[in-house]
Every structure is written in C-alpha cells, then in structure tokens.
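Enquirer: Sharing start14.txt, compact mmCIF, C-alpha atoms:
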```
# COMPACT_ATOMS: atom_id res chain seq x y z
CA MET A 1069 -8.87 24.01 -2.82
CA ARG A 1070 -12.47 22.99 -2.42
CA ALA A 1071 -15.21 25.10 -3.91
CA ARG A 1072 -17.99 26.38 -1.70
CA ARG A 1073 -21.06 24.19 -1.86
CA PRO A 1074 -24.09 25.58 -3.67
CA PRO A 1075 -27.23 26.07 -1.54
CA GLY A 1076 -29.31 22.95 -1.14
CA ARG A 1077 -26.52 20.52 -2.05
CA HIS A 1078 -24.31 18.25 0.02
CA ARG A 1079 -20.59 18.75 0.15
CA ARG A 1080 -18.43 16.06 -1.46
CA GLY A 1081 -17.38 14.79 1.92
CA GLU A 1082 -20.96 14.16 2.95
CA ALA A 1083 -21.55 11.62 0.22
CA GLY A 1084 -20.53 8.79 2.51
CA THR A 1085 -22.82 9.85 5.34
CA GLU A 1086 -25.81 10.11 3.03
CA GLY A 1087 -25.16 6.74 1.42
CA GLN A 1088 -24.33 8.41 -1.89
CA ARG A 1089 -21.31 7.60 -4.03
CA ALA A 1090 -18.79 10.21 -5.04
CA THR A 1091 -17.48 10.20 -8.62
CA TYR A 1092 -13.96 9.96 -9.98
CA ARG A 1093 -14.40 13.23 -11.86
CA GLU A 1094 -15.39 14.97 -8.64
CA VAL A 1095 -12.30 13.71 -6.82
CA ILE A 1096 -9.85 14.43 -9.64
CA ALA A 1097 -11.18 18.00 -9.79
CA ILE A 1098 -9.66 18.66 -6.34
CA ARG A 1099 -6.29 20.33 -6.95
CA GLU A 1100 -4.52 19.08 -3.82
CA PHE A 1101 -5.55 15.50 -4.50
CA ARG A 1102 -4.20 15.75 -8.04
CA ALA A 1103 -0.86 16.92 -6.66
CA LEU A 1104 -0.67 13.99 -4.21
CA TRP A 1105 -1.78 11.58 -6.92
CA TYR A 1106 0.66 12.79 -9.58
CA ALA A 1107 3.57 12.91 -7.14
CA GLN A 1108 2.84 9.37 -5.99
CA GLY A 1109 2.65 7.97 -9.53
CA PHE A 1110 5.72 9.87 -10.68
CA SER A 1111 7.88 8.68 -7.80
CA LEU A 1112 6.56 5.10 -7.86
CA LEU A 1113 7.37 4.70 -11.56
CA GLY A 1114 10.95 5.70 -10.85
CA ASP A 1115 11.11 3.27 -7.93
CA GLN A 1116 10.00 0.35 -10.09
CA LEU A 1117 12.68 1.20 -12.60
CA ALA A 1118 15.23 1.48 -9.78
CA GLN A 1119 14.35 -1.97 -8.39
CA VAL A 1120 15.21 -3.60 -11.69
CA ALA A 1121 18.31 -1.43 -12.12
CA LEU A 1122 19.53 -2.21 -8.61
CA ALA A 1123 19.12 -5.95 -9.10
CA VAL A 1124 21.06 -5.79 -12.38
CA LEU A 1125 23.76 -3.58 -10.87
CA VAL A 1126 24.31 -5.70 -7.75
CA TYR A 1127 24.43 -8.95 -9.67
CA HIS A 1128 26.80 -7.42 -12.23
CA ARG A 1129 29.17 -6.31 -9.47
CA THR A 1130 29.04 -9.41 -7.27
CA GLN A 1131 27.93 -12.25 -9.58
CA SER A 1132 26.16 -13.53 -6.45
CA ALA A 1133 22.48 -14.45 -6.28
CA LEU A 1134 22.70 -14.30 -2.48
CA ALA A 1135 24.04 -10.73 -2.53
CA THR A 1136 21.31 -9.71 -4.97
CA ALA A 1137 18.63 -11.24 -2.74
CA ALA A 1138 20.17 -9.63 0.36
CA VAL A 1139 20.02 -6.16 -1.19
CA TYR A 1140 16.41 -6.80 -2.20
CA ALA A 1141 15.67 -7.82 1.41
CA LEU A 1142 16.94 -4.40 2.48
CA THR A 1143 13.83 -2.93 0.88
CA TYR A 1144 11.70 -4.68 3.55
CA LEU A 1145 13.85 -4.30 6.67
CA PRO A 1146 13.84 -0.48 7.10
CA SER A 1147 10.06 -0.22 6.95
CA ILE A 1148 9.66 -3.00 9.50
CA VAL A 1149 12.29 -1.69 11.91
CA GLY A 1150 12.12 2.07 11.49
CA GLY A 1151 8.56 2.59 10.30
CA PRO A 1152 6.84 2.74 13.70
CA LEU A 1153 9.42 5.22 15.00
CA LEU A 1154 9.81 7.56 12.04
CA ALA A 1155 6.13 7.59 11.01
CA GLY A 1156 5.43 9.73 14.09
CA LEU A 1157 7.38 12.60 12.51
CA ALA A 1158 4.29 13.33 10.43
CA ASP A 1159 2.32 13.89 13.66
CA ARG A 1160 4.98 16.17 15.19
CA PHE A 1161 5.69 18.36 12.16
CA ALA A 1162 3.72 19.74 9.22
CA ARG A 1163 2.94 16.80 6.95
CA ARG A 1164 3.63 18.65 3.71
CA GLY A 1165 7.02 19.66 5.07
CA VAL A 1166 7.81 16.07 6.06
CA MET A 1167 6.99 14.86 2.56
CA LEU A 1168 9.12 17.56 0.92
CA ALA A 1169 12.08 16.86 3.21
CA CYS A 1170 11.89 13.12 2.54
CA ASP A 1171 11.71 13.65 -1.23
CA LEU A 1172 14.67 16.02 -1.30
CA ILE A 1173 16.85 13.81 0.92
CA ARG A 1174 16.01 10.76 -1.18
CA PHE A 1175 16.89 12.71 -4.32
CA VAL A 1176 20.39 13.27 -2.93
CA LEU A 1177 20.78 9.66 -1.74
CA VAL A 1178 19.64 8.06 -5.01
CA ALA A 1179 21.78 10.47 -7.01
CA ALA A 1180 24.74 9.22 -4.97
CA MET A 1181 23.76 5.63 -5.78
CA ALA A 1182 23.99 6.50 -9.47
CA LEU A 1183 27.70 7.28 -9.18
CA PRO A 1184 29.70 4.44 -10.82
CA PHE A 1185 32.51 4.57 -8.25
CA MET A 1186 30.19 4.06 -5.24
CA PRO A 1187 31.45 0.99 -3.28
CA PHE A 1188 29.12 -1.93 -2.66
CA TRP A 1189 28.84 -1.41 1.12
CA ALA A 1190 27.93 2.25 0.58
CA LEU A 1191 25.33 1.24 -2.01
CA CYS A 1192 23.69 -1.05 0.55
CA ALA A 1193 23.71 1.72 3.17
CA LEU A 1194 22.13 4.17 0.73
CA VAL A 1195 19.41 1.66 -0.19
CA PHE A 1196 18.62 1.21 3.50
CA LEU A 1197 18.34 4.96 4.09
CA VAL A 1198 16.22 5.57 1.00
CA VAL A 1199 13.70 2.92 2.02
CA LEU A 1200 13.80 4.10 5.64
CA LEU A 1201 12.65 7.57 4.56
CA SER A 1202 9.68 6.07 2.74
CA ALA A 1203 8.08 5.38 6.14
CA PRO A 1204 7.55 9.01 7.25
CA PHE A 1205 6.73 10.03 3.67
CA SER A 1206 4.03 7.36 3.28
CA ALA A 1207 2.64 8.05 6.76
CA ALA A 1208 2.46 11.79 6.05
CA ARG A 1209 0.71 11.22 2.73
CA ALA A 1210 -1.74 8.72 4.24
CA ALA A 1211 -2.53 11.11 7.11
CA LEU A 1212 -2.84 14.13 4.78
CA LEU A 1213 -5.23 12.48 2.32
CA PRO A 1214 -8.23 12.52 4.73
CA GLU A 1215 -7.63 16.26 5.20
CA VAL A 1216 -7.88 16.76 1.44
CA LEU A 1217 -10.75 14.30 0.89
CA ASP A 1218 -13.52 13.33 3.27
CA GLY A 1219 -16.49 10.98 3.25
CA ASP A 1220 -16.87 8.91 0.10
CA THR A 1221 -14.42 11.09 -1.80
CA TYR A 1222 -11.72 9.60 0.42
CA VAL A 1223 -12.69 6.07 -0.67
CA ILE A 1224 -12.67 7.08 -4.34
CA GLY A 1225 -9.31 8.82 -3.92
CA SER A 1226 -7.87 5.77 -2.17
CA ALA A 1227 -9.17 3.58 -4.99
CA LEU A 1228 -7.50 5.81 -7.57
CA GLN A 1229 -4.20 5.67 -5.70
CA ASN A 1230 -4.49 1.91 -5.31
CA MET A 1231 -5.19 1.40 -9.02
CA THR A 1232 -2.32 3.74 -9.85
CA ASN A 1233 0.04 1.72 -7.66
CA GLN A 1234 -0.89 -1.54 -9.34
CA ALA A 1235 -0.83 -0.10 -12.87
CA VAL A 1236 2.54 1.59 -12.33
CA GLN A 1237 3.97 -1.64 -10.91
CA MET A 1238 2.87 -3.58 -13.98
CA LEU A 1239 4.18 -0.87 -16.33
CA GLY A 1240 7.42 -0.42 -14.41
CA PHE A 1241 8.33 -4.09 -14.39
CA ALA A 1242 7.24 -4.54 -18.00
CA VAL A 1243 9.35 -1.74 -19.46
CA GLY A 1244 12.07 -1.57 -16.81
CA GLY A 1245 14.23 -4.28 -18.32
CA ALA A 1246 14.06 -2.79 -21.79
CA LEU A 1247 14.96 0.70 -20.54
CA ILE A 1248 17.88 -0.56 -18.50
CA ALA A 1249 19.16 -2.54 -21.46
CA THR A 1250 19.08 0.75 -23.40
CA MET A 1251 20.36 3.27 -20.85
CA GLY A 1252 22.21 1.12 -18.31
CA PRO A 1253 21.57 0.77 -14.54
CA TYR A 1254 23.42 3.96 -13.50
CA ARG A 1255 21.36 6.19 -15.75
CA ALA A 1256 18.22 4.42 -14.57
CA LEU A 1257 19.13 5.26 -10.97
CA ALA A 1258 19.77 8.86 -12.00
CA LEU A 1259 16.29 8.91 -13.54
CA ASP A 1260 14.86 7.59 -10.27
CA ALA A 1261 16.62 10.42 -8.41
CA ALA A 1262 14.96 12.90 -10.78
CA THR A 1263 11.52 11.46 -9.97
CA PHE A 1264 12.00 12.34 -6.28
CA LEU A 1265 12.88 15.90 -7.26
CA GLY A 1266 9.85 16.03 -9.56
CA SER A 1267 7.62 14.72 -6.78
CA ALA A 1268 8.88 17.45 -4.42
CA LEU A 1269 8.16 20.16 -7.00
CA ILE A 1270 4.63 18.87 -7.56
CA LEU A 1271 3.93 18.78 -3.82
CA ALA A 1272 5.41 22.24 -3.24
CA SER A 1273 3.25 23.77 -5.96
CA GLY A 1274 0.04 21.78 -5.51
CA VAL A 1275 -0.42 21.15 -1.77
CA ARG A 1276 -1.07 24.07 0.56
CA ARG A 1277 0.70 24.60 3.86
CA ARG A 1278 -0.96 23.29 7.02
CA PRO A 1279 0.17 23.57 10.62
CA ALA A 1280 1.66 20.62 12.46
CA PRO A 1281 -0.97 18.36 14.07
CA CYS A 1282 0.77 18.66 17.47
CA ALA A 1283 0.93 21.98 19.26
CA ASP A 1284 4.22 23.81 18.76
CA ASP A 1285 5.42 23.85 22.34
CA ASP A 1286 7.85 22.12 24.67
CA SER A 1287 5.37 19.43 25.66
CA LYS A 1288 5.83 17.32 22.52
CA PRO A 1289 6.33 13.66 23.50
CA SER A 1290 9.40 11.73 22.45
CA MET A 1291 9.32 9.50 19.38
CA TRP A 1292 9.45 6.39 21.55
CA THR A 1293 6.53 7.65 23.67
CA MET A 1294 4.51 8.38 20.52
CA THR A 1295 5.30 4.89 19.16
CA ARG A 1296 4.06 3.21 22.34
CA ALA A 1297 0.96 5.41 22.40
CA GLY A 1298 0.31 4.58 18.74
CA ALA A 1299 0.58 0.85 19.42
CA ARG A 1300 -1.87 1.17 22.32
CA LEU A 1301 -4.26 3.10 20.09
CA VAL A 1302 -4.11 0.63 17.20
CA PHE A 1303 -4.37 -2.53 19.30
CA GLY A 1304 -6.28 -1.19 22.29
CA THR A 1305 -9.80 -1.46 20.87
CA ARG A 1306 -11.44 -4.42 19.18
CA ASN A 1307 -12.69 -2.45 16.18
CA LEU A 1308 -9.27 -1.06 15.27
CA ARG A 1309 -7.58 -4.36 16.04
CA THR A 1310 -9.93 -6.17 13.68
CA LEU A 1311 -9.41 -3.61 10.90
CA VAL A 1312 -5.63 -3.89 11.25
CA LEU A 1313 -5.81 -7.68 11.05
CA PHE A 1314 -7.98 -7.36 7.93
CA ALA A 1315 -5.20 -5.28 6.38
CA TRP A 1316 -2.53 -7.80 7.40
CA LEU A 1317 -4.53 -10.63 5.85
CA CYS A 1318 -2.76 -9.75 2.61
CA GLY A 1319 0.19 -11.85 3.79
CA PHE A 1320 -1.77 -14.94 2.71
CA TYR A 1321 -2.84 -13.86 -0.76
CA VAL A 1322 0.43 -12.09 -1.61
CA LEU A 1323 2.46 -15.23 -0.85
CA PRO A 1324 1.85 -16.84 -4.29
CA GLU A 1325 3.59 -13.95 -6.06
CA GLY A 1326 6.77 -14.79 -4.17
CA ILE A 1327 6.87 -18.30 -5.62
CA ALA A 1328 5.59 -17.41 -9.10
CA ALA A 1329 8.90 -18.38 -10.73
CA PRO A 1330 9.01 -22.00 -9.50
CA TYR A 1331 5.27 -22.32 -10.12
CA ALA A 1332 5.79 -21.09 -13.70
CA THR A 1333 8.49 -23.72 -14.22
CA ARG A 1334 5.97 -26.44 -13.37
CA LEU A 1335 3.29 -24.94 -15.60
CA ALA A 1336 5.69 -24.54 -18.52
CA VAL A 1337 6.41 -28.28 -18.75
CA GLY A 1338 4.85 -29.50 -22.00
CA GLY A 1339 3.20 -26.13 -22.65
CA PRO A 1340 3.56 -23.62 -25.47
CA LEU A 1341 4.81 -20.74 -23.29
CA PRO A 1342 8.28 -20.50 -21.73
CA ALA A 1343 8.65 -20.18 -17.97
CA PRO A 1344 9.71 -16.48 -17.95
CA VAL A 1345 6.56 -15.50 -19.85
CA ILE A 1346 4.37 -17.50 -17.46
CA THR A 1347 6.16 -15.91 -14.50
CA GLY A 1348 5.27 -12.47 -15.80
CA LEU A 1349 1.65 -13.48 -16.37
CA LEU A 1350 1.35 -14.90 -12.86
CA MET A 1351 2.89 -11.84 -11.22
CA ALA A 1352 0.61 -9.54 -13.22
CA ALA A 1353 -2.58 -11.51 -12.46
CA MET A 1354 -3.26 -10.28 -8.92
CA PRO A 1355 -2.43 -6.62 -9.63
CA THR A 1356 -4.79 -6.81 -12.60
CA GLY A 1357 -7.55 -8.19 -10.36
CA THR A 1358 -6.83 -5.50 -7.78
CA VAL A 1359 -7.32 -2.74 -10.36
CA ILE A 1360 -10.60 -4.29 -11.53
CA GLY A 1361 -11.85 -4.86 -7.99
CA ALA A 1362 -10.94 -1.38 -6.77
CA PHE A 1363 -12.76 0.23 -9.71
CA LEU A 1364 -15.92 -1.86 -9.37
CA PHE A 1365 -16.03 -1.67 -5.56
CA SER A 1366 -15.58 2.09 -5.40
CA ARG A 1367 -17.69 2.96 -8.44
CA PHE A 1368 -20.77 0.75 -8.09
CA VAL A 1369 -21.08 -0.15 -4.37
CA THR A 1370 -22.59 2.32 -1.90
CA PRO A 1371 -20.51 3.35 1.14
CA ALA A 1372 -22.74 1.54 3.63
CA ARG A 1373 -22.77 -1.65 1.58
CA ARG A 1374 -18.96 -1.68 1.33
CA LEU A 1375 -18.68 -2.28 5.07
CA ARG A 1376 -21.19 -5.14 4.87
CA LEU A 1377 -19.32 -6.75 1.95
CA MET A 1378 -15.87 -6.34 3.47
CA GLY A 1379 -15.79 -9.76 5.12
CA TRP A 1380 -17.11 -11.59 2.06
CA LEU A 1381 -14.53 -9.97 -0.19
CA ALA A 1382 -11.79 -10.85 2.31
CA LEU A 1383 -12.87 -14.49 1.94
CA LEU A 1384 -12.79 -14.09 -1.84
CA SER A 1385 -9.22 -12.79 -1.68
CA CYS A 1386 -8.01 -16.17 -0.39
CA ALA A 1387 -10.56 -18.82 -1.41
CA PRO A 1388 -9.69 -19.01 -5.18
CA LEU A 1389 -6.10 -19.98 -4.30
CA ILE A 1390 -7.31 -23.34 -2.97
CA VAL A 1391 -8.01 -24.52 -6.53
CA THR A 1392 -4.27 -24.88 -7.14
CA ALA A 1393 -4.32 -28.08 -5.07
CA LEU A 1394 -5.95 -29.72 -8.12
CA ARG A 1395 -2.97 -28.72 -10.32
CA PRO A 1396 -5.15 -26.93 -12.90
CA PRO A 1397 -3.87 -25.56 -16.22
CA LEU A 1398 -2.44 -22.07 -16.59
CA VAL A 1399 -5.65 -20.39 -17.68
CA VAL A 1400 -7.47 -21.59 -14.53
CA VAL A 1401 -4.61 -20.49 -12.29
CA LEU A 1402 -4.58 -17.03 -13.88
CA ALA A 1403 -8.36 -16.72 -13.48
CA ALA A 1404 -8.11 -17.76 -9.82
CA TRP A 1405 -5.34 -15.25 -9.11
CA VAL A 1406 -7.22 -12.43 -10.86
CA LEU A 1407 -10.31 -13.31 -8.78
CA SER A 1408 -8.17 -13.22 -5.65
CA GLY A 1409 -6.97 -9.73 -6.61
CA ILE A 1410 -10.58 -8.61 -7.08
CA GLY A 1411 -11.38 -9.80 -3.56
CA GLY A 1412 -8.53 -7.67 -2.25
CA ALA A 1413 -10.70 -4.60 -2.89
CA TYR A 1414 -12.04 -5.09 0.65
CA GLN A 1415 -8.92 -3.17 1.76
CA LEU A 1416 -10.60 0.06 0.56
CA ALA A 1417 -13.44 -0.36 3.06
CA ALA A 1418 -11.05 -1.39 5.85
CA ASN A 1419 -8.85 1.64 5.17
CA ALA A 1420 -11.80 4.05 5.17
CA ALA A 1421 -13.16 2.63 8.43
CA PHE A 1422 -9.69 2.85 9.99
CA VAL A 1423 -9.34 6.53 9.02
CA GLN A 1424 -12.74 7.37 10.49
CA THR A 1425 -11.83 5.74 13.81
CA VAL A 1426 -8.30 7.09 14.38
CA PRO A 1427 -7.95 10.69 15.71
CA ALA A 1428 -6.55 13.04 13.05
CA GLU A 1429 -3.62 14.19 15.19
CA ARG A 1430 -2.41 10.58 15.64
CA ARG A 1431 -3.21 9.29 12.18
CA ALA A 1432 0.36 9.23 10.81
CA GLN A 1433 1.71 7.17 13.72
CA ALA A 1434 -1.15 4.69 13.39
CA PHE A 1435 -0.63 4.36 9.64
CA GLY A 1436 3.09 3.85 10.20
CA ILE A 1437 2.49 0.94 12.57
CA VAL A 1438 0.02 -0.69 10.20
CA HIS A 1439 2.36 -0.20 7.22
CA SER A 1440 5.26 -1.78 9.10
CA GLY A 1441 3.10 -4.77 9.91
CA LEU A 1442 2.07 -5.03 6.25
CA MET A 1443 5.70 -5.17 5.18
CA ALA A 1444 6.48 -7.72 7.88
CA VAL A 1445 3.64 -10.12 7.03
CA GLN A 1446 4.37 -9.89 3.31
CA GLY A 1447 8.08 -10.50 3.77
CA ALA A 1448 7.49 -13.33 6.25
CA GLY A 1449 4.83 -14.89 4.04
CA ILE A 1450 7.10 -14.89 1.00
CA LEU A 1451 10.02 -16.36 2.99
CA VAL A 1452 7.87 -19.12 4.52
CA GLY A 1453 6.25 -19.81 1.16
CA GLY A 1454 9.60 -20.12 -0.57
CA TYR A 1455 10.93 -22.45 2.12
CA ALA A 1456 7.83 -24.66 1.98
CA ALA A 1457 7.71 -24.70 -1.83
CA GLU A 1458 11.19 -26.23 -1.98
CA ARG A 1459 9.92 -29.19 0.04
CA LEU A 1460 6.26 -29.54 -0.94
CA GLY A 1461 6.12 -27.92 -4.36
CA PRO A 1462 4.41 -24.61 -5.25
CA GLU A 1463 0.88 -25.93 -5.85
CA PRO A 1464 0.19 -27.28 -2.32
CA VAL A 1465 1.83 -24.24 -0.73
CA VAL A 1466 -0.42 -21.83 -2.63
CA ALA A 1467 -3.45 -23.96 -1.74
CA LEU A 1468 -2.48 -24.10 1.96
CA SER A 1469 -2.03 -20.35 1.94
CA GLY A 1470 -5.57 -20.03 0.61
CA VAL A 1471 -6.97 -22.38 3.26
CA ALA A 1472 -5.22 -20.55 6.10
CA GLY A 1473 -6.34 -17.20 4.69
CA VAL A 1474 -9.97 -18.31 4.43
CA ILE A 1475 -9.95 -19.49 8.06
CA CYS A 1476 -8.48 -16.20 9.29
CA ALA A 1477 -10.83 -14.15 7.08
CA ALA A 1478 -13.84 -16.07 8.42
CA VAL A 1479 -12.84 -15.35 12.02
CA LEU A 1480 -12.27 -11.68 11.27
CA THR A 1481 -15.61 -11.46 9.44
CA LEU A 1482 -17.42 -12.85 12.49
CA LEU A 1483 -15.62 -10.39 14.78
CA TRP A 1484 -16.38 -7.47 12.45
CA THR A 1485 -20.05 -8.41 12.11
CA GLU A 1486 -20.36 -8.71 15.88
CA SER A 1487 -18.65 -5.35 16.52
CA ARG A 1488 -20.85 -3.61 13.96
CA GLY A 1489 -23.91 -5.15 15.58
CA ASP A 1490 -22.81 -3.94 19.01
CA ARG A 1491 -22.24 -0.43 17.68
CA ALA A 1492 -25.66 -0.34 16.02
CA ALA A 1493 -27.26 -1.51 19.25
CA ARG A 1494 -25.49 1.22 21.24
CA LEU A 1495 -26.57 3.90 18.79
CA SER A 1496 -30.16 2.63 18.94
CA ALA A 1497 -30.12 2.69 22.76
CA GLU A 1498 -28.69 6.21 22.83
CA ALA A 1499 -31.24 7.56 20.32
CA PRO A 1500 -34.05 9.64 21.85
CA ALA A 1501 -37.39 7.89 22.14
```
Go through the file and emit its structure as structure tokens.
Expert:
Amino acid sequence: MRARRPPGRHRRGEAGTEGQRATYREVIAIREFRALWYAQGFSLLGDQLAQVALAVLVYHRTQSALATAAVYALTYLPSIVGGPLLAGLADRFARRGVMLACDLIRFVLVAAMALPFMPFWALCALVFLVVLLSAPFSAARAALLPEVLDGDTYVIGSALQNMTNQAVQMLGFAVGGALIATMGPYRALALDAATFLGSALILASGVRRRPAPCADDDSKPSMWTMTRAGARLVFGTRNLRTLVLFAWLCGFYVLPEGIAAPYATRLAVGGPLPAPVITGLLMAAMPTGTVIGAFLFSRFVTPARRLRLMGWLALLSCAPLIVTALRPPLVVVLAAWVLSGIGGAYQLAANAAFVQTVPAERRAQAFGIVHSGLMAVQGAGILVGGYAAERLGPEPVVALSGVAGVICAAVLTLLWTESRGDRAARLSAEAPA
C-alpha cells in the first residue's frame, strides 16, 4: 500500500509529470510491486528450467529433432492464436483473480506433465494449454502494474521487471542443463509446477483485491466483441499504432539470436573457443545489453527526455548488426550485439507512453494484442532468418536484418516526431492566452 504523501511533497506517481526521476528504492518499497516482481521472477526461473527439461525429455522420447522443434514451436502458437481472445478476461474479471486462477491451473497442468507415464500427445496438449494461459496472466499483470505504480515509478518498475526477465533467462539457461543432469527432466518439471504454486501464494498474500474493470452486470460484451474493439483501439489512432510498431520492431534485432548456433560454427573455425561456448556468448550478448540499457535509461534519463530519445535508441537497436556484413571477429560481434541490446531500452519509453494513452478499463485487451504481435514477429523473424541463413550464410542475414530494422526505425521515428509535434501544437493552441 502507498503511504500518504507528506505536506509539500509530490507523490511518487507525479515524478514523471514534474520531469523528476523516481528511484529504484522508492519503487521496491511498494509492497504490491514487490509481490508482482517476486512472483514474476519466481515463475520465470521455473519456466526457463522447464524449457530445457522439455527439450531433453521430448528428444529422449522421440530421438527426433523435428519433434523437439515442433514442441518448442508450441510455445509460440498459443500466444499468437489465443492471446487476443483470452487477454480480455483481465478486463472482464478482477485482475488479481485472473492471475491466481491462471497460476493454479498451470500448477496442475505442469504437475501432470511431470508424470513419467504421460503419453507424448498428451504432453504436447499440456504444453499448449500452459502457454495459452500465459496470455491472460501476462495481460492481467501488465494492466495491474499501472494501478500499483504511476508516473515515473511505472517506468522504473517496468525497467526492474525487464532486467529481471533478462537476468533470469541468462541464469536459467546457464544452470538449467546442470540441474537437469542432476535431477532429471521429470523432477525439473515438478519444480516448475511448484514455482506456479509459489507465485500464486505470493500474489494472494501481497496484492490486494480490486474490483473488475468492467461493471458487474449483464451488459458485458462477448470476448470476440472485446477483441475487435481492442484491435480498433490499438490500430485506430496514429499515436498508438506507431507505439505498437515500435514494440514490434524487436522482430529485427531478435532475429540474430535464432541463428546464433550456425553463426557460432563459422566464428569457431580456427579460433580458441568451441562452437557451443560461442553460441552461449552470442545468445547472452543481447540480454546483457538489455539489462545495461534498461538500468541506464531508467536511472539517468529524465522522463521527458526518454520520449525524445526513443527513436534514436530504436535506430541503435538495429544499426550495430550491420557490421556483421564485414565478417568481424567474435569480440566485435559480441560488442555489436551488446550495443544492440542497449538500444532496445527504447521499449521502456514506448511501453510507458502506450500505458498513458490506453484507457485503464481496456488495458489488458490492448496489451494482449500487442503481446500476440510480439510473439508473431519474433517467431516469424527467427523462421525467416533460419531459412535465409541456410542459403546466404548467417553474416549477411544478420546484416540485412539490421538494415531493414534501421529503415523501419527511421520511418517510425519520423512519424513519432511528427505526432509529438502535432500534440504540442494542439496543447499550445488550447492554452489560455
């Protein structure tokens, strides 16, 4: 719960409007944010462990690389297909309740996956359902966060969650293989099930009850109606459309991670490091840059300046990838990919602007649509990149991805600058003389 503000001081949420920066200590002191933050990190760590365990388990059962890849693809499909529909649940019902229900159902589903006698087809179905439920959970959490944090505290909280995501991913992949070798894939899945239960307990004890955003009456629209209305909201205005496209720009700079393994094989030729080690370094480079960029951008840049720098950082997220066309050594590639991750910090400003523009009662549906698009562009980018890398080689594909991303980022930057200029002009015209 938030403390009452002392006389003569601004609330935390007003930091953004006054051009002042909130602090990490100030945000972490908010009990409800800590609950959301801890639950997210706890569950995500289990998920990273489960991804490795699932890959090992499927390959052990089928001895098929295609089957292993197909099960991994199931982690993209539910969010793309079901996300826009199910995300609206967090606008129809209490968001805390939606999150608790999703956690408890996923606990049961993952616990069933951990049973050794579960047939392969049932395992695939359970994976699909578990990932499908992540859509309303993520939408509810994203919509609830601006109710817990406001103004610049929201940006700082988003930065903390973003850094946690990247750090947990690096930690999960780094130690996941060793843990699975020790405990086996079934016990690893059982541990993942326990993380969902732990997340539910943290949310139940740390997040207070709030009423559903929609009125509790018979006039609630259908899920399909809410999905269509959400799409019209997200794509109906130029400002929101531009912010969504800024978010989806990640499809260009995430593509290199999908072809890190073949790229590492090229870089390992004649070098001192084996290909698997280089693969790990490449895949860790962008998340490392993202952590650095999110910390610097949220800690040292004022709220107003973040919006002005958003376009330039979007360009930075793609431009360093072009250097791979010169076939540089590993150290240069790693530096370029870290720099690209730093540029990705522009997503914090885009996310904050998006939250401020979308009505609170429709926030979950809007986030669900954007999240589904994110999954789609990342999955499509990785598939296209892999297909092209087989024919052209990884270096030109990464470079072409950077070129295409820079072109798109430049167009979006011009549109964003123009829309901000129009808004400033309208505010100036409406101001009293």
Enquirer: Show me, as a ChimeraX atom specification, the residues that have an atom within 8 Å of Pro1324 in chain A when counting only C-alpha atoms, minus same-chain residues fewer than 3 positions from it.
Expert: /A:1321,1327-1328,1450,1453,1466
Enquirer: Using all atoms listed in the file, which residue out of A:Ala1211, A:Val1126, A:Leu1313, A:Ala1362 lies closest to Pro1253 in chain A?
Expert: A:Val1126
Enquirer: Taking (8.7, 5.9, 1.3) in the file's own coordinates, collect the residues within 10 Å, counting only C-alpha atoms, and hand them back as a PyMOL selection string.
Expert: chain A and resi 1108+1111-1112+1115+1147+1151+1167+1170-1171+1174+1198-1209
Enquirer: Hey, what's within 9 Å of Thr1356 in chain A if we count all atoms listed in the file and toss same-chain stuff fewer than 2 positions away? As a list in words, please?
Expert: Met1231, Gln1234, Ala1235, Met1238, Ala1352, Ala1353, Met1354, Thr1358, Val1359, Ile1360, Gly1361, Val1406, Gly1409 and Ile1410 of chain A
Enquirer: Could you work out how far CA of Ala1118 in chain A lies from CA of Trp1405 in chain A, giving the answer in Å with one decimal?
Expert: 26.5 Å
Enquirer: Got a sec: who's within 6 Å of Gly1470 in chain A, counting all atoms listed in the file, leaving out chain neighbours fewer than 6 positions off, as a PDB file with C-alpha atoms, in the frame of the given file?
Expert:
```pdb
ATOM      1  CA  CYS A1386      -8.010 -16.170  -0.390  1.00  0.00           C
ATOM      2  CA  ALA A1387     -10.560 -18.820  -1.410  1.00  0.00           C
ATOM      3  CA  LEU A1389      -6.100 -19.980  -4.300  1.00  0.00           C
ATOM      4  CA  ILE A1390      -7.310 -23.340  -2.970  1.00  0.00           C
TER       5      ILE A1390
END
```
Enquirer: Could you state the separation of CA of Trp1484 in chain A and CA of Ala1417 in chain A in Å, given to one decimal place?
Expert: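 Interatomic distance here is 12.1 Å.
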Enquirer: Neighbouring residues of range 1254-1257 of chain A were defined as those with any atom within 9 Å, considering only C-alpha atoms; residues of the same chain fewer than 3 positions away were excluded. Please report them as a PDB file with C-alpha atoms, in the frame of the given file.
Expert:
```
ATOM      1  CA  GLY A1114      10.950   5.700 -10.850  1.00  0.00           C
ATOM      2  CA  ASP A1115      11.110   3.270  -7.930  1.00  0.00           C
ATOM      3  CA  LEU A1117      12.680   1.200 -12.600  1.00  0.00           C
ATOM      4  CA  ALA A1118      15.230   1.480  -9.780  1.00  0.00           C
ATOM      5  CA  ALA A1121      18.310  -1.430 -12.120  1.00  0.00           C
ATOM      6  CA  LEU A1122      19.530  -2.210  -8.610  1.00  0.00           C
ATOM      7  CA  LEU A1125      23.760  -3.580 -10.870  1.00  0.00           C
ATOM      8  CA  VAL A1178      19.640   8.060  -5.010  1.00  0.00           C
ATOM      9  CA  ALA A1179      21.780  10.470  -7.010  1.00  0.00           C
ATOM     10  CA  MET A1181      23.760   5.630  -5.780  1.00  0.00           C
ATOM     11  CA  ALA A1182      23.990   6.500  -9.470  1.00  0.00           C
ATOM     12  CA  LEU A1183      27.700   7.280  -9.180  1.00  0.00           C
ATOM     13  CA  PRO A1184      29.700   4.440 -10.820  1.00  0.00           C
ATOM     14  CA  GLY A1244      12.070  -1.570 -16.810  1.00  0.00           C
ATOM     15  CA  LEU A1247      14.960   0.700 -20.540  1.00  0.00           C
ATOM     16  CA  ILE A1248      17.880  -0.560 -18.500  1.00  0.00           C
ATOM     17  CA  MET A1251      20.360   3.270 -20.850  1.00  0.00           C
ATOM     18  CA  ASP A1260      14.860   7.590 -10.270  1.00  0.00           C
ATOM     19  CA  ALA A1261      16.620  10.420  -8.410  1.00  0.00           C
ATOM     20  CA  ALA A1262      14.960  12.900 -10.780  1.00  0.00           C
TER      21      ALA A1262
END
```
Enquirer: Up to 6 Å from (2.4, 3.7, -11.0) in the file's coordinates: name the residues, counting all atoms listed in the file, as a ChimeraX atom specification.
Expert: /A:1109,1112-1113,1232-1233,1235-1237
Enquirer: So the first atom is CA of Ala1413 in chain A and the second is CA of Ala1372 in chain A; what is the distance between them in Å, to one decimal place?
Expert: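 Pair CA of Ala1413 in chain A / CA of Ala1372 in chain A returns 15.0 Å.
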Enquirer: Which is closest to Thr1221 in chain A among A:Gly1357, A:Pro1340, A:Pro1427, A:Pro1371, if we use all atoms listed in the file?
Expert: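 Looking at the shortest contact to Thr1221 in chain A, the residue is A:Pro1371.
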